$ cat start_16.cif   # mmCIF, C-alpha atoms
data_start
#
loop_
_atom_site.label_atom_id
_atom_site.label_comp_id
_atom_site.auth_asym_id
_atom_site.auth_seq_id
_atom_site.Cartn_x
_atom_site.Cartn_y
_atom_site.Cartn_z
CA MET A 447 84.34 15.55 -27.18
CA ILE A 448 85.15 12.13 -28.71
CA ALA A 449 88.30 12.46 -30.84
CA MET A 450 87.83 11.68 -34.52
CA GLU A 451 90.62 9.13 -34.37
CA LEU A 452 88.68 7.21 -31.71
CA LEU A 453 85.57 7.20 -33.89
CA ASP A 454 87.61 5.81 -36.78
CA LYS A 455 88.85 3.01 -34.53
CA LEU A 456 85.33 2.40 -33.29
CA THR A 457 84.00 2.03 -36.83
CA ILE A 458 86.63 -0.63 -37.63
CA LEU A 459 86.43 -2.53 -34.34
CA ALA A 460 82.64 -2.48 -34.05
CA ASP A 461 82.36 -3.84 -37.59
CA ALA A 462 84.89 -6.56 -36.75
CA ALA A 463 82.77 -7.61 -33.75
CA LYS A 464 79.52 -8.08 -35.71
CA TYR A 465 80.10 -11.81 -36.37
CA ASP A 466 79.98 -12.63 -32.67
CA ALA A 467 76.44 -13.80 -31.92
CA ALA A 468 76.87 -14.37 -28.19
CA CYS A 469 75.58 -10.96 -27.16
CA THR A 470 72.91 -10.95 -24.48
CA SER A 471 72.13 -9.38 -21.21
CA SER A 472 71.74 -11.44 -18.06
CA VAL A 473 69.71 -12.10 -14.95
CA VAL A 474 72.07 -9.90 -12.91
CA ARG A 475 70.21 -7.20 -10.98
CA ARG A 476 72.47 -4.58 -9.50
CA GLY A 477 70.78 -1.32 -8.59
CA PHE A 478 72.16 2.14 -7.95
CA GLN A 479 75.11 2.30 -5.55
CA GLU A 480 76.36 5.49 -3.94
CA GLY A 481 79.44 6.85 -5.73
CA LYS A 482 79.07 4.56 -8.78
CA ILE A 483 77.77 5.11 -12.32
CA GLY A 484 75.08 2.90 -13.86
CA ASN A 485 73.19 -0.24 -12.92
CA THR A 486 72.11 -3.50 -14.51
CA SER A 487 68.35 -3.21 -13.92
CA SER A 488 67.38 -0.86 -16.14
CA SER A 489 72.52 4.27 -33.69
CA LEU A 490 76.02 4.63 -33.38
CA ALA A 491 78.58 2.11 -34.64
CA GLY A 492 79.04 -0.56 -32.00
CA CYS A 493 75.65 -0.14 -30.32
CA CYS A 494 73.68 -3.39 -30.49
CA HIS A 495 70.28 -4.25 -29.11
CA SER A 496 69.86 -7.14 -26.73
CA PHE A 497 67.21 -8.36 -24.31
CA SER A 498 67.23 -8.79 -20.56
CA ALA A 499 65.68 -11.70 -18.66
CA ASP A 500 62.43 -9.74 -18.16
CA GLY A 501 62.11 -8.95 -21.88
CA ARG A 502 63.39 -5.37 -21.93
CA CYS A 503 65.38 -4.19 -24.92
CA ILE A 504 68.76 -2.84 -23.84
CA THR A 505 71.72 -1.42 -25.72
CA LEU A 506 75.33 -2.60 -25.39
CA LEU A 507 78.53 -1.26 -26.86
CA LYS A 508 79.74 -4.33 -28.77
CA VAL A 509 83.34 -3.90 -29.79
CA LEU A 510 86.76 -5.53 -30.07
CA LEU A 511 89.71 -4.23 -28.10
CA SER A 512 91.74 -5.01 -31.24
CA ASN A 513 91.22 -6.76 -34.56
CA ASP A 514 94.96 -7.28 -34.92
CA CYS A 515 95.35 -11.03 -34.45
CA CYS A 516 98.29 -13.40 -34.50
CA TYR A 517 96.05 -16.42 -35.19
CA GLU A 518 95.28 -17.85 -38.62
CA CYS A 519 91.68 -19.07 -38.26
CA LYS A 520 90.57 -19.70 -41.85
CA TYR A 521 86.95 -18.63 -41.28
CA CYS A 522 87.77 -15.35 -39.52
CA VAL A 523 87.88 -11.95 -41.23
CA ASN A 524 90.48 -10.84 -38.65
CA ARG A 525 92.92 -13.68 -39.29
CA ARG A 526 96.59 -12.76 -39.52
CA SER A 527 96.94 -13.10 -43.31
CA ASN A 528 93.76 -11.25 -44.27
CA ASP A 529 94.16 -7.82 -45.84
CA THR A 530 91.81 -5.77 -43.67
CA PRO A 531 92.14 -2.40 -41.90
CA ARG A 532 93.61 -2.91 -38.42
CA ALA A 533 93.01 -0.91 -35.27
CA SER A 534 93.48 -1.25 -31.52
CA PHE A 535 92.18 0.66 -28.54
CA SER A 536 94.36 1.28 -25.54
CA PRO A 537 92.60 0.30 -22.29
CA GLU A 538 92.34 3.97 -21.38
CA GLU A 539 90.74 4.88 -24.73
CA LEU A 540 88.13 2.16 -24.61
CA ALA A 541 87.23 2.84 -20.98
CA GLU A 542 86.83 6.55 -21.71
CA LEU A 543 84.76 5.81 -24.84
CA THR A 544 82.45 3.49 -22.91
CA ILE A 545 81.86 6.04 -20.17
CA GLN A 546 81.21 8.83 -22.67
CA PHE A 547 78.67 6.65 -24.48
CA TYR A 548 77.02 5.75 -21.20
CA ARG A 549 76.79 9.36 -20.04
CA ARG A 550 75.13 10.28 -23.35
CA ASN A 551 72.61 7.49 -22.73
CA TYR A 552 73.69 5.65 -25.90
CA ILE A 553 74.39 2.37 -24.09
CA GLU A 554 73.60 0.47 -20.90
CA GLY A 555 76.59 -1.87 -20.89
CA LEU A 556 79.64 -3.25 -22.68
CA PHE A 557 80.31 -6.41 -24.68
CA LEU A 558 84.08 -6.78 -25.04
CA SER A 559 86.08 -9.23 -27.14
CA SER A 560 89.39 -9.05 -28.98
CA GLY A 561 91.69 -10.57 -31.52
CA VAL A 562 94.74 -12.29 -30.02
CA LEU A 563 97.49 -9.67 -29.69
CA ARG A 564 100.92 -11.29 -29.24
CA SER A 565 99.54 -14.03 -26.95
CA PRO A 566 96.33 -14.96 -25.07
CA ASP A 567 97.83 -13.78 -21.75
CA TYR A 568 98.90 -10.40 -23.13
CA THR A 569 95.45 -9.84 -24.64
CA MET A 570 93.71 -10.80 -21.42
CA GLU A 571 95.91 -8.39 -19.46
CA LEU A 572 94.78 -5.55 -21.72
CA MET A 573 91.12 -6.54 -21.32
CA ILE A 574 91.52 -6.74 -17.54
CA ARG A 575 93.15 -3.31 -17.52
CA THR A 576 90.21 -1.90 -19.50
CA LEU A 577 87.58 -3.31 -17.16
CA SER A 578 89.60 -2.37 -14.11
CA ILE A 579 89.64 1.28 -15.23
CA LEU A 580 85.88 1.14 -15.81
CA ARG A 581 85.04 -0.51 -12.49
CA ASN A 582 87.61 1.12 -10.19
CA GLU A 583 88.44 4.53 -11.67
CA TYR A 584 85.14 5.44 -13.34
CA ARG A 585 83.10 3.40 -10.81
CA PHE A 586 81.04 1.95 -13.66
CA ASN A 587 78.33 -0.30 -12.23
CA GLY A 588 76.64 -1.35 -15.46
CA TYR A 589 76.57 -4.70 -17.25
CA ILE A 590 79.77 -6.09 -18.78
CA HIS A 591 80.11 -9.25 -20.89
CA ALA A 592 83.74 -10.19 -21.61
CA LYS A 593 85.22 -12.87 -23.86
CA ALA A 594 87.94 -14.93 -22.17
CA ILE A 595 90.71 -15.81 -24.62
CA PRO A 596 91.29 -19.58 -25.06
CA GLY A 597 94.71 -20.58 -23.74
CA ALA A 598 94.95 -17.76 -21.17
CA ALA A 599 96.23 -18.49 -17.65
CA ALA A 600 93.68 -19.38 -14.97
CA GLU A 601 94.67 -16.42 -12.77
CA LEU A 602 93.83 -14.05 -15.63
CA VAL A 603 90.43 -15.71 -16.12
CA GLU A 604 89.92 -15.23 -12.37
CA GLN A 605 90.69 -11.50 -12.59
CA LEU A 606 88.46 -11.02 -15.63
CA GLY A 607 85.60 -12.85 -13.92
CA MET A 608 85.81 -10.57 -10.90
CA LEU A 609 85.28 -7.55 -13.18
CA ALA A 610 82.69 -8.87 -15.67
CA ASP A 611 79.08 -9.93 -15.15
CA ARG A 612 79.28 -12.70 -17.74
CA LEU A 613 82.19 -14.54 -19.32
CA SER A 614 82.25 -16.57 -22.50
CA VAL A 615 84.80 -18.75 -24.25
CA ASN A 616 83.95 -19.39 -27.90
CA ILE A 617 84.27 -22.98 -29.12
CA GLU A 618 83.50 -21.77 -32.67
CA LEU A 619 83.81 -25.17 -34.42
CA PRO A 620 81.83 -28.27 -33.41
CA SER A 621 84.63 -30.88 -33.59
CA GLU A 622 88.30 -31.21 -32.78
CA SER A 623 89.09 -32.27 -36.34
CA SER A 624 87.49 -29.09 -37.75
CA LEU A 625 89.36 -27.02 -35.19
CA ARG A 626 92.69 -28.53 -36.29
CA LEU A 627 91.85 -27.93 -39.94
CA LEU A 628 90.50 -24.38 -39.77
CA ALA A 629 91.98 -22.94 -36.56
CA PRO A 630 95.47 -24.46 -36.25
CA ASN A 631 96.46 -22.10 -33.41
CA LYS A 632 93.65 -23.34 -31.17
CA THR A 633 93.14 -26.69 -29.47
CA LYS A 634 90.14 -28.33 -27.88
CA GLN A 635 91.82 -28.22 -24.49
CA SER A 636 92.72 -24.52 -24.77
CA VAL A 637 88.99 -23.81 -25.13
CA LEU A 638 87.64 -26.27 -22.55
CA ARG A 639 90.22 -25.52 -19.84
CA PRO A 640 89.02 -21.93 -19.13
CA MET A 641 85.41 -23.06 -19.55
CA ARG A 642 85.94 -25.70 -16.85
CA TYR A 643 87.69 -23.19 -14.62
CA ILE A 644 84.81 -20.70 -14.95
CA ALA A 645 82.29 -23.40 -13.99
CA GLU A 646 84.30 -24.59 -10.99
CA ARG A 647 85.17 -21.07 -9.82
CA GLY A 648 81.52 -20.09 -10.14
CA ASP A 649 80.45 -22.98 -7.90
CA GLU A 650 83.12 -22.04 -5.37
CA ASN A 651 82.01 -18.40 -5.41
CA ARG A 652 78.39 -19.35 -4.76
CA ARG A 653 79.50 -21.28 -1.67
CA GLU A 654 81.51 -18.24 -0.54
CA LEU A 655 78.44 -16.02 -0.93
CA VAL A 656 76.40 -18.33 1.28
CA LYS A 657 79.02 -18.03 4.01
CA TYR A 658 80.03 -14.40 3.40
CA ARG A 659 77.20 -12.34 1.98
CA HIS A 660 79.40 -9.49 0.76
CA ALA A 661 82.12 -11.62 -0.81
CA PRO A 662 83.24 -10.44 -4.28
CA ARG A 663 81.19 -12.02 -7.05
CA PHE A 664 82.78 -14.03 -9.85
CA SER A 665 80.94 -13.77 -13.18
CA PRO A 666 77.51 -13.71 -11.51
CA ALA A 667 75.66 -14.18 -14.82
CA GLY A 668 77.62 -17.37 -15.60
CA GLN A 669 79.13 -18.19 -18.98
CA SER A 670 78.14 -18.80 -22.59
CA THR A 671 79.75 -19.89 -25.84
CA GLN A 672 79.24 -19.75 -29.61
CA LEU A 673 79.23 -22.37 -32.36
CA ILE A 674 79.54 -21.60 -36.06
CA VAL A 675 76.96 -23.48 -38.14
CA GLY A 676 77.56 -24.41 -41.77
CA ALA A 677 81.30 -23.81 -42.11
CA THR A 678 82.10 -27.50 -41.52
CA PRO A 679 80.26 -30.74 -42.34
CA GLU A 680 79.11 -31.74 -38.83
CA SER A 681 75.44 -32.75 -38.57
CA ASP A 682 72.80 -31.08 -36.40
CA ARG A 683 72.93 -34.15 -34.18
CA HIS A 684 76.66 -33.64 -33.60
CA ILE A 685 76.14 -29.96 -32.76
CA LEU A 686 73.18 -30.61 -30.45
CA THR A 687 74.97 -33.46 -28.64
CA LEU A 688 77.90 -31.13 -28.03
CA THR A 689 75.48 -28.49 -26.76
CA GLN A 690 73.91 -30.96 -24.34
CA SER A 691 77.34 -31.96 -23.06
CA LEU A 692 78.31 -28.31 -22.49
CA TYR A 693 75.15 -27.65 -20.49
CA ASP A 694 75.70 -30.79 -18.42
CA LYS A 695 79.43 -30.43 -17.74
CA TYR A 696 79.98 -26.67 -17.58
CA ARG A 697 76.50 -25.40 -16.66
CA LEU A 698 76.48 -22.82 -19.45
CA LYS A 699 73.70 -20.25 -19.50
CA ARG A 700 73.50 -20.19 -23.28
CA VAL A 701 75.01 -21.74 -26.36
CA PHE A 702 74.74 -19.39 -29.33
CA TYR A 703 74.64 -20.55 -32.94
CA SER A 704 75.98 -18.37 -35.73
CA ALA A 705 75.12 -19.21 -39.34
CA TYR A 706 78.41 -19.07 -41.22
CA VAL A 707 78.68 -15.97 -43.38
CA PRO A 708 81.33 -16.48 -46.10
CA VAL A 709 83.72 -13.55 -45.74
CA VAL A 710 87.00 -15.10 -46.90
CA GLU A 711 87.96 -17.24 -49.89
CA SER A 712 89.29 -20.68 -48.96
CA THR A 713 89.10 -24.15 -50.47
CA LEU A 714 88.34 -25.45 -46.95
CA LEU A 715 85.20 -23.32 -46.59
CA PRO A 716 81.92 -22.77 -48.47
CA SER A 717 82.28 -20.44 -51.45
CA LEU A 718 81.64 -16.73 -51.10
CA ASP A 719 78.32 -16.95 -52.97
CA THR A 720 76.93 -19.49 -50.46
CA LYS A 721 73.97 -18.13 -48.52
CA PRO A 722 74.20 -18.30 -44.69
CA PRO A 723 72.14 -21.26 -43.36
CA LEU A 724 69.75 -19.04 -41.40
CA LEU A 725 66.91 -21.56 -41.25
CA ARG A 726 69.27 -24.23 -39.92
CA GLU A 727 70.47 -21.79 -37.27
CA HIS A 728 66.83 -21.13 -36.38
CA ARG A 729 66.07 -24.85 -35.95
CA LEU A 730 69.08 -25.26 -33.67
CA TYR A 731 67.89 -22.37 -31.52
CA GLN A 732 64.45 -23.99 -31.29
CA ALA A 733 66.04 -27.30 -30.26
CA ASP A 734 68.28 -25.50 -27.76
CA TRP A 735 65.14 -23.99 -26.23
CA LEU A 736 63.74 -27.52 -25.83
CA LEU A 737 66.91 -28.64 -24.02
CA ARG A 738 66.95 -25.71 -21.62
CA PHE A 739 63.27 -25.24 -20.78
CA TYR A 740 61.24 -28.24 -21.95
CA GLY A 741 63.11 -31.21 -20.48
CA PHE A 742 64.20 -32.73 -23.80
CA ARG A 743 67.57 -34.39 -24.34
CA ALA A 744 69.63 -34.19 -27.52
CA GLU A 745 69.39 -37.93 -28.15
CA GLU A 746 65.57 -37.69 -28.19
CA LEU A 747 65.46 -35.07 -30.92
CA LEU A 748 67.93 -36.56 -33.43
CA ASP A 749 69.42 -39.98 -34.11
CA ASP A 750 71.39 -41.90 -36.75
CA ASP A 751 68.33 -42.20 -38.98
CA ALA A 752 67.56 -38.47 -38.72
CA PRO A 753 70.85 -36.64 -38.01
CA ASP A 754 69.57 -33.24 -39.22
CA PHE A 755 66.46 -31.23 -38.46
CA ASN A 756 63.65 -31.03 -40.98
CA PRO A 757 63.83 -27.49 -42.40
CA LEU A 758 60.06 -27.53 -43.01
CA LEU A 759 58.98 -28.27 -39.45
CA ASP A 760 60.08 -27.22 -35.96
CA PRO A 761 61.92 -29.83 -33.82
CA LYS A 762 59.11 -30.24 -31.29
CA CYS A 763 56.55 -31.13 -33.97
CA CYS A 764 59.05 -33.53 -35.56
CA TRP A 765 59.52 -35.29 -32.22
CA ALA A 766 55.76 -35.53 -31.69
CA LEU A 767 55.17 -37.04 -35.13
CA ARG A 768 57.86 -39.68 -34.49
CA HIS A 769 56.41 -40.58 -31.07
CA ARG A 770 52.72 -41.04 -31.71
CA GLU A 771 52.60 -43.55 -28.83
CA PHE A 772 52.99 -40.63 -26.37
CA PHE A 773 49.80 -38.97 -27.66
CA PRO A 774 47.08 -37.93 -27.26
CA VAL A 775 47.71 -36.17 -23.94
CA GLU A 776 44.68 -35.58 -21.71
CA VAL A 777 44.84 -31.88 -20.86
CA ASN A 778 42.87 -32.27 -17.60
CA ARG A 779 45.13 -34.94 -16.11
CA ALA A 780 48.60 -34.67 -17.67
CA ASP A 781 51.45 -33.45 -15.50
CA TYR A 782 53.56 -30.39 -16.32
CA GLU A 783 56.33 -32.37 -18.06
CA ALA A 784 53.83 -34.15 -20.33
CA LEU A 785 52.11 -30.89 -21.27
CA LEU A 786 55.44 -29.39 -22.30
CA ARG A 787 55.88 -32.18 -24.84
CA VAL A 788 52.74 -31.13 -26.73
CA PRO A 789 53.39 -28.93 -29.81
CA GLY A 790 51.75 -25.57 -29.31
CA ILE A 791 52.05 -25.62 -25.51
CA GLY A 792 54.86 -23.57 -24.02
CA VAL A 793 56.12 -22.99 -20.50
CA VAL A 794 53.65 -20.19 -19.78
CA SER A 795 50.59 -21.92 -21.25
CA ALA A 796 51.43 -25.19 -19.44
CA ARG A 797 51.48 -23.35 -16.11
CA ARG A 798 48.22 -21.62 -16.95
CA ILE A 799 46.61 -24.99 -17.71
CA LEU A 800 47.70 -26.38 -14.34
CA ALA A 801 46.28 -23.32 -12.55
CA ALA A 802 43.02 -23.18 -14.55
CA ARG A 803 42.08 -26.84 -14.14
CA ARG A 804 42.11 -26.48 -10.35
CA VAL A 805 38.96 -24.42 -10.78
CA GLY A 806 37.19 -26.64 -13.27
CA SER A 807 37.49 -29.03 -16.17
CA LEU A 808 39.01 -27.51 -19.32
CA ARG A 809 37.39 -27.69 -22.75
CA ALA A 810 39.07 -27.30 -26.13
CA GLU A 811 37.71 -23.77 -26.55
CA ASP A 812 39.33 -22.77 -23.21
CA LEU A 813 42.84 -23.64 -24.32
CA LYS A 814 43.29 -20.83 -26.83
CA LYS A 815 42.47 -18.32 -24.09
CA LEU A 816 45.30 -19.84 -22.03
CA GLY A 817 47.84 -19.22 -24.80
CA VAL A 818 47.86 -22.66 -26.43
CA VAL A 819 48.54 -22.57 -30.20
CA MET A 820 45.68 -24.80 -31.21
CA LYS A 821 46.75 -25.00 -34.88
CA ARG A 822 49.59 -27.22 -33.59
CA ALA A 823 48.22 -28.67 -30.36
CA GLN A 824 44.81 -29.84 -31.63
CA TYR A 825 46.22 -33.05 -33.12
CA PHE A 826 47.88 -34.14 -29.88
CA LEU A 827 45.34 -33.32 -27.13
CA THR A 828 42.16 -34.69 -25.65
CA CYS A 829 39.78 -32.77 -23.37
CA ASN A 830 37.77 -35.07 -21.08
CA GLY A 831 38.54 -37.97 -23.41
CA ALA A 832 37.46 -36.22 -26.64
CA LEU A 833 40.00 -35.13 -29.24
CA ALA A 834 40.57 -31.39 -29.33
CA THR A 835 39.69 -31.40 -33.03
CA PRO A 836 36.82 -33.30 -34.70
CA ILE A 837 38.90 -33.61 -37.87
CA ARG A 838 40.37 -37.08 -38.41
CA LEU A 839 43.60 -37.00 -40.38
CA SER A 840 46.25 -39.56 -41.23
CA PRO A 841 49.77 -38.96 -39.84
CA GLU A 842 50.74 -37.69 -43.29
CA GLY A 843 47.81 -35.27 -43.27
CA VAL A 844 48.75 -33.99 -39.82
CA MET A 845 52.30 -33.42 -41.02
CA GLN A 846 51.15 -31.48 -44.07
CA ASN A 847 48.90 -29.26 -41.94
CA LEU A 848 51.71 -28.61 -39.45
CA ILE A 849 54.11 -27.75 -42.27
CA ALA A 850 51.57 -25.30 -43.72
CA THR A 851 51.15 -23.68 -40.28
CA GLU A 852 54.93 -23.48 -39.85
CA GLN A 853 55.49 -21.84 -43.23
CA LYS A 854 52.99 -19.11 -42.37
CA SER A 855 54.90 -18.35 -39.16
CA LEU A 856 58.27 -17.95 -40.90
CA PRO A 857 59.19 -14.56 -42.40
CA MET A 858 59.44 -14.35 -46.16
CA ALA A 859 62.59 -12.23 -46.29
CA GLN A 860 65.85 -14.04 -45.70
CA GLY A 861 67.81 -12.50 -42.90
CA GLU A 862 64.71 -11.33 -41.02
CA GLN A 863 64.68 -12.43 -37.38
CA LEU A 864 62.78 -15.68 -36.85
CA SER A 865 60.42 -16.33 -33.96
CA LEU A 866 61.19 -19.32 -31.75
CA PHE A 867 57.68 -20.63 -31.06
#
$ encode --input "start_16.cif" --output "structure tokens"
Amino acid sequence: MIAMELLDKLTILADAAKYDAACTSSVVRRGFQEGKIGNTSSSLAGCCHSFSADGRCITLLKVLLSNDCCYECKYCVNRRSNDTPRASFSPEELAELTIQFYRRNYIEGLFLSSGVLRSPDYTMELMIRTLSILRNEYRFNGYIHAKAIPGAAAELVEQLGMLADRLSVNIELPSESSLRLLAPNKTKQSVLRPMRYIAERGDENRRELVKYRHAPRFSPAGQSTQLIVGATPESDRHILTLTQSLYDKYRLKRVFYSAYVPVVESTLLPSLDTKPPLLREHRLYQADWLLRFYGFRAEELLDDDAPDFNPLLDPKCCWALRHREFFPVEVNRADYEALLRVPGIGVVSARRILAARRVGSLRAEDLKKLGVVMKRAQYFLTCNGALATPIRLSPEGVMQNLIATEQKSLPMAQGEQLSLF
């Protein structure tokens, strides 16, 4: 039986964890192992749904070890001065809770973060103890995502990475000046130092695995981070440039964007009646997708003249309308990279086009069968020299049609999940 006191703690600490957006599964595949519980291949408080690399919906226990924090981050509901119910798990309690949930088939893994108790090192030691109990005493073999605490010692990050499948260090705010203003206990270096260590240690571990196949694995699913959008005045260009730099320097798997939800009253933050910028968050996710899978760079998507994304149109269409010299693209001759630049053509449909045209020449009516969204792509493609659409429109007309198509694809209810493409 789960003690009632533990369920009370779970209710508080699961609710405190809900503002962390960086909750995903990974590409880690670890099957059944003799003597261990769980694997990574396969609606209580704290149970959140996520998606694996192959598209499966999985359930993680998303919870804080403690919401008692010695930091005074102005935007955070768990900040030291905020009057909120406090609770903390002991490592033994949280490990036992996780295993009980797993055995009841409520969850498939754990997402663990924490407020800063006493100091970053002390908090990390408690997190390490929790994961150590799970991995070594309970022989838990399932997926674990752990948040490294900024400012913690490198040896503690090392120990955490040997126990978790994925690590993340949250940047939270897009600039050093905003960090100084709203999170005076944190510094840019305290965030970037563990991020750099995780990247370098991950590279070193991959070399070890080449030489020694059964060497222990350090954070095999890599690392991620989170940025809060809308709490501070930075532009989309600033945020996306930072994102590009993080991917380049630290080889992050994901950067997550969290629309700021006003939960505390402060003259330094948007008022409590301000709506979360969900559409802005959506556009940043679309642009992030372009950086990771479509070969775009941040400087291509935004510049000084257009520092923010158009809320009416997705970033790929905006880029295409500003670079008419690149179009039209001949679908029967263009290479993979050129096809990916066409609105309405994604990674899967571009590969299908390359495969299909080996058999014969493609016509406009063939493209829809290959997964191309012709409502977007028709203005930017030719098939054997002929435009994919007989309709001749001015650039302004094309923009209006694309905006109309985009508005139909967006949900009406605010807060409903938005599709990427």
$ atom_distance --input "start_16.cif" --atom1 "CA of Ser795 in chain A" --atom2 "CA of Val818 in chain A"
5.9 Å
$ atom_distance --input "start_16.cif" --atom1 "CA of Asp781 in chain A" --atom2 "CA of Leu747 in chain A"
20.9 Å
$ atom_distance --input "start_16.cif" --atom1 "CA of Asp461 in chain A" --atom2 "CA of Ser670 in chain A"
21.6 Å
$ residues_around --input "start_16.cif" --residues "range 548-561 of chain A" --least-positions-apart "5" --cutoff "6 Å" --atoms "all atoms listed in the file" --output "list of chain:residue names"
A:Thr505, A:Leu506, A:Leu507, A:Lys508, A:Val509, A:Leu510, A:Leu511, A:Ser512, A:Asn513, A:Asp514, A:Cys515, A:Gly588, A:Tyr589, A:Ile590, A:His591, A:Ala592, A:Lys593
$ closest_residue --input "start_16.cif" --among "A:Tyr517, A:Phe702, A:Phe547, A:Phe535" --to "Ile595 in chain A" --atoms "all atoms listed in the file"
A:Tyr517
$ closest_residue --input "start_16.cif" --among "A:Pro716, A:Pro596, A:Pro723, A:Gly792" --to "Tyr703 in chain A" --atoms "all atoms listed in the file"
A:Pro723
$ resolve_selection --input "start_16.cif" --expression "the PyMOL selection byres ((chain A and resi 796) around 9)" --output "ChimeraX atom specification"
/A:782-783,785-786,791-795,797-801,816-818
$ residues_around --input "start_16.cif" --residues "Glu811 in chain A" --least-positions-apart "2" --cutoff "10 Å" --atoms "only C-alpha atoms" --output "short mmCIF file (atom, residue, chain, number, x, y, z; two decimals) with C-alpha atoms, in the coordinates of the input"
data_model
loop_
_atom_site.label_atom_id
_atom_site.label_comp_id
_atom_site.auth_asym_id
_atom_site.auth_seq_id
_atom_site.Cartn_x
_atom_site.Cartn_y
_atom_site.Cartn_z
CA LEU A 808 39.01 -27.51 -19.32
CA ARG A 809 37.39 -27.69 -22.75
CA LEU A 813 42.84 -23.64 -24.32
CA LYS A 814 43.29 -20.83 -26.83
CA LYS A 815 42.47 -18.32 -24.09
CA LEU A 816 45.30 -19.84 -22.03
CA MET A 820 45.68 -24.80 -31.21
CA CYS A 829 39.78 -32.77 -23.37
CA ALA A 834 40.57 -31.39 -29.33
#
$ closest_atom_pairs --input "start_16.cif" --of "range 712-740 of chain A" --to "range 622-638 of chain A" --cutoff "12 Å" --atoms "only C-alpha atoms" --output "JSON lines"
{"residue": "A:Ser712", "atom": "CA", "partner": "A:Leu628", "partner_atom": "CA", "distance": 10.0}
{"residue": "A:Thr713", "atom": "CA", "partner": "A:Leu628", "partner_atom": "CA", "distance": 10.8}
{"residue": "A:Leu714", "atom": "CA", "partner": "A:Leu628", "partner_atom": "CA", "distance": 7.6}
{"residue": "A:Leu715", "atom": "CA", "partner": "A:Leu628", "partner_atom": "CA", "distance": 8.7}
$ resolve_selection --input "start_16.cif" --expression "the PyMOL selection byres ((chain A and resi 692) around 12)" --output "ChimeraX atom specification"
/A:615-617,620,637-638,641-642,645,669-673,685-691,693-702,734,737-738,744
$ resolve_selection --input "start_16.cif" --expression "the PyMOL selection byres ((chain A and resi 732) around 10)" --output "tab-separated table (two decimals) with C-alpha atoms, in the frame of the given file"
chain	number	residue	atom	x	y	z
A	726	ARG	CA	69.27	-24.23	-39.92
A	727	GLU	CA	70.47	-21.79	-37.27
A	728	HIS	CA	66.83	-21.13	-36.38
A	729	ARG	CA	66.07	-24.85	-35.95
A	730	LEU	CA	69.08	-25.26	-33.67
A	731	TYR	CA	67.89	-22.37	-31.52
A	733	ALA	CA	66.04	-27.30	-30.26
A	734	ASP	CA	68.28	-25.50	-27.76
A	735	TRP	CA	65.14	-23.99	-26.23
A	736	LEU	CA	63.74	-27.52	-25.83
A	737	LEU	CA	66.91	-28.64	-24.02
A	760	ASP	CA	60.08	-27.22	-35.96
A	761	PRO	CA	61.92	-29.83	-33.82
A	762	LYS	CA	59.11	-30.24	-31.29
A	865	SER	CA	60.42	-16.33	-33.96
A	866	LEU	CA	61.19	-19.32	-31.75
A	867	PHE	CA	57.68	-20.63	-31.06
